[in-house]
Amino acid sequence: GPGALDLHGDEEIIEVVELGPPGPDDLAEEMEDVDFEDEGAEEPDAEAWESEDDEGVEDGMEGQDDSEVTFSLHSASVFCVSLDPKTNTLAVTGGEDDKAFVWRVSDGELLFECSGHKDSVTCAGFSHDSVFVATGDMSGLIKVWRVDAKEEVWSFEVGDLEWMEWHPQAHVLLAGTADGNTWMWKIPSGDCKTFQGPACPATCGRILPDGKRAVVGYEDGTMRIWDLKQGISLHVLKGQDGHQDPLTCVASNQDGSLIMTGSVDCHAKLVNSATGKVVCVFKMESVTPKAPISEGEEAESNSVESLGFCNVMPLAAVGYLDGTLAIYDLSTQSLRHKCQHESGIVQLLWEESSAVVYTCSLDGAVRLWDARSGKMISEYRGHSAEILDFAVNKDASIVVTTSGDHQAKVFCVQRPDR
């Protein structure tokens with residue numbers, strides 16, 4: 001039964017890591033040597049195997065695959081994915097193979113390759129109207145392509161890239177770098193402005209819904225709210241108000257009045273964006289007592305990896321590296337539910353118009369949770385390695401995932417109750 005697949009994620013992953021997951025090519029080659037005809041007598045569906053291409057055979061090797069479409073042009077881990085906001089029909093993915101591709105979600109058909117990167121592509125996204133797509137690699141080379149013409153219209157090189165985001169209403173691109181700067185460009189003219197942070201990496205950032213301010217988190221635990229037009233910082237949270245460790249993620253609610261910051265220190269802070277004051281701090285008490293570490297041993301680490309606000313109820317979700325999904329009630333500033341995963345949460349996203357939160361984790365599964373009850377609604381598998389990023393379309397009918405198994409997958413998550 002389905003329960004049989006519920007292995008202890010940790011053990012399974014350790015095993016896979018030790019063996020090193022075979023790449024699609026290795027598997028395809030191995031399969032070529034297998035002669036299926038011997039089994040023809042007792043296997044009525046042996047013909048189906050023969051007519052399937054390598055991908056189908058490979059999926060047979062992996063076990064359960066709930067995906068509708070697999071995109072397998074990457075030759076190494078796929079780090080990032082975004083869907084085009086206007087039609088939700090195109091995806092852009094970037095990977096460790098220094099490549100980025102724009103492809104159709106419906107059938108995995110390649111539209112064009114965003115060529116010319118010389119390092120892992122870690123950031124990729126479409127402009128608000130899907131006219132442009134931007135790709136950024138770790139070395140700091142950012143390129144912008146016009147989607148309909150499939151041609152590069154702009155490129156720029158900054159320091160080591162930490163994050164990149166399009167403006168919600170304009171052809172303006174924002175990016176944070178390891179030297180602490182946040183860059184802002186008009187596309188395609190390239191008019192540029194920089195916002196100088198502390199002399200440490202600008203680890204995460206988000207443009208607020210008003211389009212006039214951005215919140216940026218830094219490695220030294222500080223957070224700044226920048227006025228994009230004036231180029232000045234409106235609020236700085238540091239010391240006790242800031243975090244004790246690097247910031248990992250920032251988010252804002254729908255009207256931009258509240259900001260949440262997450263950090264390696266395991267705290268999530270709720271901040272009033274108008275005053276820059278901390279409203280409350282959500283602390284996840286570490287489950288494992290801090291034992292003294294003998295040399296060469298790793299400490300059990302935990303951190304906030306992802307967070308976000310619900311649009312339809314006063315709820316926020318925080319995902320932790322130890323596999324805890326915490327649902328907090330903003331009106332009472334209290335923990336409402338704890339949803340436990342077998343392995344670390346990489347990212348979470350809320351559905352646009354319901355209290356459903358999606359998580360992807362190191363065990364390679366996507367899960368949907370009802371934030372009101374704290375119960376899991378469904379689970380989707382298909383990757384043979386950890387999921388590194390994912391995106392949900394507007395009507396919450398599909399999820400696109402990227403993974404360490406060199407693949408991107410499209411899952412249909414339409415639910416009967418809608």
# chains A, B, ... in the order shown; residues from 1 in each chain; ligands from 1
$ residues_around --residues "segment 346-358 of chain A" --least-positions-apart "5" --cutoff "8 Å" --atoms "only C-alpha atoms" --output "VMD selection string"
chain A and resid 305 to 313 317 to 321 366 to 372 387 to 392 394 to 396
$ residues_around --residues "Ile398 of chain A" --least-positions-apart "5" --cutoff "10 Å" --atoms "only C-alpha atoms" --output "list in words"
Ser67, Glu68, Asn88, Val105, Ala391, Val392, Asn393, Val410, Phe411, Cys412, Val413 and Gln414 of chain A
$ closest_residue --among "A:Thr177, A:Ser120, A:Gln340, A:Thr324" --to "Gln196 of chain A" --atoms "only C-alpha atoms"
A:Thr177
$ closest_residue --among "A:Ile259, A:Leu325, A:Leu335, A:Ala100" --to "Phe282 of chain A" --atoms "only C-alpha atoms"
A:Leu335
$ residues_around --residues "Val279 of chain A" --least-positions-apart "4" --cutoff "7 Å" --atoms "only C-alpha atoms" --output "list in words"
Leu270, Val271 and Asn272 of chain A
$ residues_around --residues "segment 228-236 of chain A" --least-positions-apart "2" --cutoff "8 Å" --atoms "only C-alpha atoms" --output "list in words"
Lys193, Thr194, Phe195, Lys212, Arg213, Ala214, Thr222, Met223, Arg224, Ile225, Trp226, Lys238, Thr275 and Gly276 of chain A
$ write_last_selection --atoms "C-alpha atoms" --output "tab-separated table (two decimals), in the first residue's frame"
chain	number	residue	atom	x	y	z
A	193	LYS	CA	21.31	52.90	-8.66
A	194	THR	CA	23.08	51.19	-5.75
A	195	PHE	CA	22.11	50.98	-2.09
A	212	LYS	CA	8.49	52.20	-3.55
A	213	ARG	CA	10.41	50.36	-0.83
A	214	ALA	CA	12.50	47.24	-0.53
A	222	THR	CA	20.73	43.52	10.26
A	223	MET	CA	17.72	44.39	8.13
A	224	ARG	CA	17.13	47.62	6.23
A	225	ILE	CA	14.06	49.10	4.59
A	226	TRP	CA	15.17	51.18	1.60
A	238	LYS	CA	20.26	45.87	14.28
A	275	THR	CA	7.62	52.32	11.79
A	276	GLY	CA	10.42	49.76	11.43
$ select_by_dssp --residues "segment 173-314 of chain A" --states "strand (DSSP E)" --output "JSON, numbers by chain"
{"A": [173, 174, 175, 176, 177, 181, 182, 183, 184, 185, 186, 192, 193, 194, 195, 196, 202, 203, 204, 205, 206, 207, 213, 214, 215, 216, 217, 218, 223, 224, 225, 226, 227, 232, 233, 234, 235, 236, 237, 247, 248, 249, 250, 251, 252, 258, 259, 260, 261, 262, 263, 267, 268, 269, 270, 271, 272, 277, 278, 279, 280, 281, 282, 283, 304, 305, 306, 307, 308, 309]}
$ atom_distance --atom1 "atom CA of Glu379 of chain A" --atom2 "atom CA of Ser263 of chain A"
27.2 Å
$ residues_around --residues "Asn302 of chain A" --least-positions-apart "3" --cutoff "8 Å" --atoms "only C-alpha atoms" --output "short mmCIF file (atom, residue, chain, number, x, y, z; two decimals) with C-alpha atoms, in the first residue's frame"
data_model
loop_
_atom_site.label_atom_id
_atom_site.label_comp_id
_atom_site.auth_asym_id
_atom_site.auth_seq_id
_atom_site.Cartn_x
_atom_site.Cartn_y
_atom_site.Cartn_z
CA VAL A 264 20.05 31.19 10.99
CA ASP A 265 19.37 32.10 14.66
CA CYS A 266 16.01 30.22 14.34
CA SER A 286 15.71 23.92 19.62
CA TYR A 320 12.80 25.24 9.41
CA LEU A 321 15.84 23.18 8.45
CA ASP A 322 14.90 20.55 11.05
#
$ residues_around --residues "Leu73 of chain A" --least-positions-apart "3" --cutoff "12 Å" --atoms "only C-alpha atoms" --output "PyMOL selection string"
chain A and resi 23-25+55+70+76-78+93-95+97+99-103+108-113+402+405-409
